[in-house]
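Chemist: Structure provided below as structure tokens; questions to follow.
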Amino acid sequence: MFHNIPEPMLERMAYLEKIDTRDRQDDTPFAERLRQIPPETGRFLALLATMAPPGRVLEVGTSGGYSGMWLALACRQRGDRLTTFDILPNKTRLAQETFDIAGVSQHIDLIQGDARQYLPGISEVAFCFLDAEKDVYAACYELLIPNLVPGGLLVADNVISHQQELAGFTQSVQADPRVDALVVPIGKGVLVCRKLGSSV
Ligand SMILES: C[S@@+](CC[C@H](N)C(=O)[O-])C[C@H]1O[C@@H](n2cnc3c(N)ncnc32)[C@H](O)[C@@H]1O
């Protein structure tokens with residue numbers, strides 16, 4: 001999967017990495033910043049998504065489509081589609097441009113809107129990357145967990161970079177008997193949750 005990333009995708013990844021670095025150094029308004037994951041988190045997500053059981057692959061928080069490209073690599077490997085949500089029209093437009101340039105649009109359903117409105121209708125979820133505003137994490141988690149297949153994975157970003165803001169969420173997930181969960185110190189810190197089987 002990592003040995004044959006198409007050249008247009010590599011170029012688009014490098015382009016977005018440059019914009020993201022610039023955003024963090026200047027006074028780009030918050031709503032316009034990409035705030036994307038670093039490459040090591042992208043690789044980690046792609047590996048996890050590839051190993052997840054059969055089912056749907058989702059992302060909450062598309063931004064410019066950077067993490068979406070990593071997940072698209074996993075979907076290519078799985079023979080699945082990626083469904084990704086972003087609430088902002090400007091981010092959705094940029095992500096569409098990313099997916100077109102990277103040559104993966106035909107494998108991605110990009111939806112502009114509040115993911116919380118769509119998640120209740122999506123069942124058989126094998127993998128979800130949660131990377132939206134921190135105040136919607138708990139609501140998204142509660143909507144997703146019932147729809148995860150046994151062994152399905154939910155991965156939430158920023159649990160170390162936003163440790164204080166997400167402390168309640170992280171603690172309650174780790175205490176949730178429906179999942180096994182662990183904070184992995186990669187990138188900005190990801191919380192990996194695996195849904196337990198119905199018999200557990
Ligand atoms: C941290 S950025 C995502 C970065 C992206 N995952 C990446 O690594 O390339 C968070 C994104 O979540 C979007 N967002 C925030 N709340 C949302 C919601 N309720 N539903 C869908 N998207 C949301 C924001 O518009 C923003 O683009």
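Residue names in the structure tokens use chain letters A, B, ... in the order shown, residue numbers from 1 in each chain, and ligand numbers from 1 in the order shown.
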Give me, as a Markdown table, each residue of chain A that comes within 9 Å of ligand 1, together with its shortest interatomic pair and the distance in Å at one decimal, counting only C-alpha atoms and all ligand atoms, with rows ordered by chain and rising residue number.
Modeler:
```
| residue | atom | partner | partner_atom_place_in_ligand_line | distance |
| --- | --- | --- | --- | --- |
| A:Leu16 | CA | ligand 1 | 9 (O) | 8.5 |
| A:Ala31 | CA | ligand 1 | 25 (O) | 7.0 |
| A:Glu32 | CA | ligand 1 | 27 (O) | 8.2 |
| A:Arg33 | CA | ligand 1 | 27 (O) | 8.0 |
| A:Leu34 | CA | ligand 1 | 2 (S) | 6.0 |
| A:Arg35 | CA | ligand 1 | 1 (C) | 4.6 |
| A:Gln36 | CA | ligand 1 | 8 (O) | 3.3 |
| A:Ile37 | CA | ligand 1 | 8 (O) | 3.9 |
| A:Pro38 | CA | ligand 1 | 8 (O) | 7.4 |
| A:Thr41 | CA | ligand 1 | 8 (O) | 8.7 |
| A:Gly42 | CA | ligand 1 | 8 (O) | 7.8 |
| A:Glu59 | CA | ligand 1 | 6 (N) | 7.4 |
| A:Val60 | CA | ligand 1 | 21 (C) | 5.4 |
| A:Gly61 | CA | ligand 1 | 12 (O) | 3.3 |
| A:Thr62 | CA | ligand 1 | 5 (C) | 4.7 |
| A:Ser63 | CA | ligand 1 | 27 (O) | 3.6 |
| A:Gly64 | CA | ligand 1 | 9 (O) | 5.6 |
| A:Gly65 | CA | ligand 1 | 9 (O) | 5.0 |
| A:Tyr66 | CA | ligand 1 | 9 (O) | 3.8 |
| A:Ser67 | CA | ligand 1 | 9 (O) | 4.2 |
| A:Gly68 | CA | ligand 1 | 9 (O) | 6.5 |
| A:Met69 | CA | ligand 1 | 9 (O) | 8.4 |
| A:Thr84 | CA | ligand 1 | 21 (C) | 8.3 |
| A:Phe85 | CA | ligand 1 | 21 (C) | 4.9 |
| A:Asp86 | CA | ligand 1 | 22 (N) | 3.4 |
| A:Ile87 | CA | ligand 1 | 22 (N) | 4.1 |
| A:Leu88 | CA | ligand 1 | 25 (O) | 4.8 |
| A:Pro89 | CA | ligand 1 | 25 (O) | 8.3 |
| A:Asn90 | CA | ligand 1 | 25 (O) | 8.6 |
| A:Lys91 | CA | ligand 1 | 27 (O) | 5.7 |
| A:Thr92 | CA | ligand 1 | 27 (O) | 8.0 |
| A:Ala95 | CA | ligand 1 | 9 (O) | 8.8 |
| A:Ile111 | CA | ligand 1 | 21 (C) | 8.6 |
| A:Gln112 | CA | ligand 1 | 21 (C) | 7.4 |
| A:Gly113 | CA | ligand 1 | 21 (C) | 5.8 |
| A:Asp114 | CA | ligand 1 | 20 (N) | 3.7 |
| A:Ala115 | CA | ligand 1 | 20 (N) | 4.0 |
| A:Arg116 | CA | ligand 1 | 19 (N) | 6.0 |
| A:Gln117 | CA | ligand 1 | 20 (N) | 8.4 |
| A:Phe129 | CA | ligand 1 | 6 (N) | 7.8 |
| A:Leu130 | CA | ligand 1 | 6 (N) | 7.6 |
| A:Asp131 | CA | ligand 1 | 6 (N) | 5.1 |
| A:Ala132 | CA | ligand 1 | 12 (O) | 3.5 |
| A:Glu133 | CA | ligand 1 | 15 (C) | 4.5 |
| A:Lys134 | CA | ligand 1 | 16 (N) | 8.0 |
| A:Asp135 | CA | ligand 1 | 16 (N) | 8.3 |
| A:Val136 | CA | ligand 1 | 19 (N) | 6.1 |
| A:Tyr137 | CA | ligand 1 | 19 (N) | 8.7 |
| A:Cys140 | CA | ligand 1 | 19 (N) | 8.2 |
| A:Asp157 | CA | ligand 1 | 1 (C) | 8.2 |
| A:Asn158 | CA | ligand 1 | 1 (C) | 8.5 |
```
Chemist: Take the residues from that selection and write them out as a short mmCIF file (atom, residue, chain, number, x, y, z; two decimals), in the first residue's frame, keeping N, CA and C atoms.
Modeler:
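What follows is the written file part_17.cif:
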```cif
data_model
loop_
_atom_site.label_atom_id
_atom_site.label_comp_id
_atom_site.auth_asym_id
_atom_site.auth_seq_id
_atom_site.Cartn_x
_atom_site.Cartn_y
_atom_site.Cartn_z
N LEU A 16 -0.47 19.89 0.25
CA LEU A 16 -1.29 20.18 1.44
C LEU A 16 -0.41 20.29 2.70
N ALA A 31 -11.12 29.16 10.57
CA ALA A 31 -12.01 28.38 9.68
C ALA A 31 -11.34 28.02 8.36
N GLU A 32 -10.27 28.73 8.02
CA GLU A 32 -9.60 28.44 6.74
C GLU A 32 -8.41 27.50 6.90
N ARG A 33 -7.95 27.31 8.13
CA ARG A 33 -6.77 26.44 8.33
C ARG A 33 -7.11 24.99 8.05
N LEU A 34 -6.13 24.27 7.53
CA LEU A 34 -6.37 22.85 7.23
C LEU A 34 -6.39 22.00 8.50
N ARG A 35 -5.51 22.30 9.44
CA ARG A 35 -5.43 21.57 10.73
C ARG A 35 -5.38 20.05 10.49
N GLN A 36 -4.55 19.63 9.56
CA GLN A 36 -4.57 18.21 9.18
C GLN A 36 -3.60 17.38 10.02
N ILE A 37 -3.77 16.08 9.91
CA ILE A 37 -2.90 15.14 10.62
C ILE A 37 -1.49 15.16 10.02
N PRO A 38 -0.47 14.80 10.79
CA PRO A 38 0.87 14.64 10.20
C PRO A 38 0.96 13.30 9.45
N THR A 41 0.64 9.90 11.28
CA THR A 41 -0.73 9.51 11.67
C THR A 41 -1.47 8.96 10.44
N GLY A 42 -1.21 9.56 9.28
CA GLY A 42 -1.84 9.07 8.05
C GLY A 42 -1.49 7.61 7.79
N GLU A 59 -15.13 8.90 7.75
CA GLU A 59 -14.29 9.93 8.36
C GLU A 59 -15.19 11.12 8.71
N VAL A 60 -15.01 11.66 9.90
CA VAL A 60 -15.73 12.88 10.31
C VAL A 60 -14.70 13.99 10.42
N GLY A 61 -14.75 14.95 9.48
CA GLY A 61 -13.76 16.04 9.43
C GLY A 61 -12.79 15.82 8.28
N THR A 62 -13.21 16.23 7.07
CA THR A 62 -12.41 15.99 5.86
C THR A 62 -11.31 17.02 5.69
N SER A 63 -11.62 18.27 6.02
CA SER A 63 -10.75 19.41 5.73
C SER A 63 -10.35 19.37 4.25
N GLY A 64 -9.05 19.49 3.95
CA GLY A 64 -8.65 19.53 2.54
C GLY A 64 -8.47 18.17 1.91
N GLY A 65 -8.79 17.11 2.65
CA GLY A 65 -8.73 15.76 2.07
C GLY A 65 -7.42 15.04 2.31
N TYR A 66 -6.57 15.59 3.20
CA TYR A 66 -5.26 14.96 3.41
C TYR A 66 -5.41 13.58 4.06
N SER A 67 -6.09 13.51 5.22
CA SER A 67 -6.28 12.20 5.86
C SER A 67 -7.12 11.30 4.97
N GLY A 68 -8.03 11.92 4.19
CA GLY A 68 -8.86 11.14 3.28
C GLY A 68 -8.03 10.39 2.25
N MET A 69 -6.93 11.01 1.81
CA MET A 69 -6.08 10.29 0.84
C MET A 69 -5.45 9.05 1.47
N THR A 84 -16.79 10.49 3.71
CA THR A 84 -16.18 11.51 4.56
C THR A 84 -17.05 12.76 4.62
N PHE A 85 -17.13 13.35 5.82
CA PHE A 85 -18.03 14.49 6.06
C PHE A 85 -17.25 15.73 6.46
N ASP A 86 -17.65 16.88 5.92
CA ASP A 86 -17.17 18.15 6.46
C ASP A 86 -18.31 19.15 6.42
N ILE A 87 -18.38 19.93 7.48
CA ILE A 87 -19.49 20.86 7.63
C ILE A 87 -19.29 22.13 6.79
N LEU A 88 -18.05 22.44 6.44
CA LEU A 88 -17.76 23.72 5.77
C LEU A 88 -17.68 23.57 4.25
N PRO A 89 -18.43 24.43 3.51
CA PRO A 89 -18.39 24.36 2.04
C PRO A 89 -16.99 24.60 1.47
N ASN A 90 -16.21 25.54 2.05
CA ASN A 90 -14.88 25.80 1.47
C ASN A 90 -13.95 24.60 1.62
N LYS A 91 -14.09 23.86 2.74
CA LYS A 91 -13.26 22.66 2.94
C LYS A 91 -13.71 21.55 1.98
N THR A 92 -15.00 21.42 1.82
CA THR A 92 -15.52 20.37 0.94
C THR A 92 -15.06 20.60 -0.50
N ALA A 95 -11.41 19.67 -0.68
CA ALA A 95 -11.26 18.20 -0.62
C ALA A 95 -11.64 17.56 -1.95
N ILE A 111 -19.36 14.26 1.65
CA ILE A 111 -20.65 14.83 2.01
C ILE A 111 -20.45 16.11 2.79
N GLN A 112 -21.06 17.20 2.31
CA GLN A 112 -20.98 18.46 3.05
C GLN A 112 -22.16 18.57 4.00
N GLY A 113 -21.85 18.66 5.30
CA GLY A 113 -22.91 18.78 6.29
C GLY A 113 -22.40 18.36 7.64
N ASP A 114 -23.27 18.52 8.65
CA ASP A 114 -22.93 18.13 10.01
C ASP A 114 -23.04 16.60 10.10
N ALA A 115 -21.93 15.95 10.36
CA ALA A 115 -21.91 14.47 10.39
C ALA A 115 -22.94 13.92 11.35
N ARG A 116 -23.27 14.66 12.39
CA ARG A 116 -24.22 14.15 13.39
C ARG A 116 -25.60 13.88 12.78
N GLN A 117 -25.91 14.57 11.67
CA GLN A 117 -27.22 14.35 11.04
C GLN A 117 -27.23 13.05 10.23
N PHE A 129 -12.65 7.44 11.38
CA PHE A 129 -11.68 8.41 11.90
C PHE A 129 -12.46 9.66 12.29
N LEU A 130 -12.35 10.03 13.56
CA LEU A 130 -13.07 11.18 14.10
C LEU A 130 -12.07 12.32 14.31
N ASP A 131 -12.25 13.40 13.53
CA ASP A 131 -11.28 14.50 13.56
C ASP A 131 -11.99 15.82 13.27
N ALA A 132 -13.05 16.10 14.07
CA ALA A 132 -13.83 17.33 13.88
C ALA A 132 -13.57 18.28 15.06
N GLU A 133 -14.47 19.25 15.28
CA GLU A 133 -14.31 20.11 16.46
C GLU A 133 -14.49 19.23 17.70
N LYS A 134 -13.75 19.59 18.74
CA LYS A 134 -13.70 18.70 19.90
C LYS A 134 -15.04 18.61 20.63
N ASP A 135 -15.87 19.68 20.50
CA ASP A 135 -17.15 19.65 21.23
C ASP A 135 -18.18 18.70 20.59
N VAL A 136 -17.86 18.13 19.44
CA VAL A 136 -18.81 17.15 18.88
C VAL A 136 -18.33 15.71 19.03
N TYR A 137 -17.13 15.52 19.63
CA TYR A 137 -16.58 14.16 19.75
C TYR A 137 -17.54 13.22 20.49
N CYS A 140 -20.64 12.36 18.44
CA CYS A 140 -20.32 11.47 17.31
C CYS A 140 -20.02 10.06 17.82
N ASP A 157 -8.72 11.74 16.88
CA ASP A 157 -7.44 12.47 16.89
C ASP A 157 -7.41 13.54 17.99
N ASN A 158 -6.20 14.01 18.26
CA ASN A 158 -5.96 15.18 19.14
C ASN A 158 -6.15 14.93 20.64
#
```
Chemist: Taking the chain letters and numbering used in this document, name the residues of stretch 72-158 of chain A that DSSP puts in strand (DSSP E or B), as a list in words.
Modeler: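 Matching residues, listed in order: Leu82, Thr83, Thr84, Phe85, Asp86, Ile108, Asp109, Leu110, Ile111, Gln112, Val125, Ala126, Phe127, Cys128, Phe129, Leu130, Leu148, Val149, Pro150, Gly151, Gly152, Leu153, Leu154, Val155 and Ala156 of chain A.
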Chemist: Please compute the atom CA of A:Leu153-atom CA of A:Glu165 distance, one decimal, in Å.
Modeler: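 Calculated distance between atom CA of A:Leu153 and atom CA of A:Glu165 is 22.4 Å.
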Chemist: Quick one, how far is atom CA of A:Ala175 from atom CA of A:Ala46?
Modeler: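 Those two atoms sit 26.3 Å apart.
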Chemist: List every residue of stretch 1-199 of chain A that DSSP, applied to the backbone of this structure, assigns to alpha helix (DSSP H), and report them as an MDAnalysis selection string.
Modeler: chainID A and resid 7:25 39:51 66:78 89:102 115:118 137:144 167:174
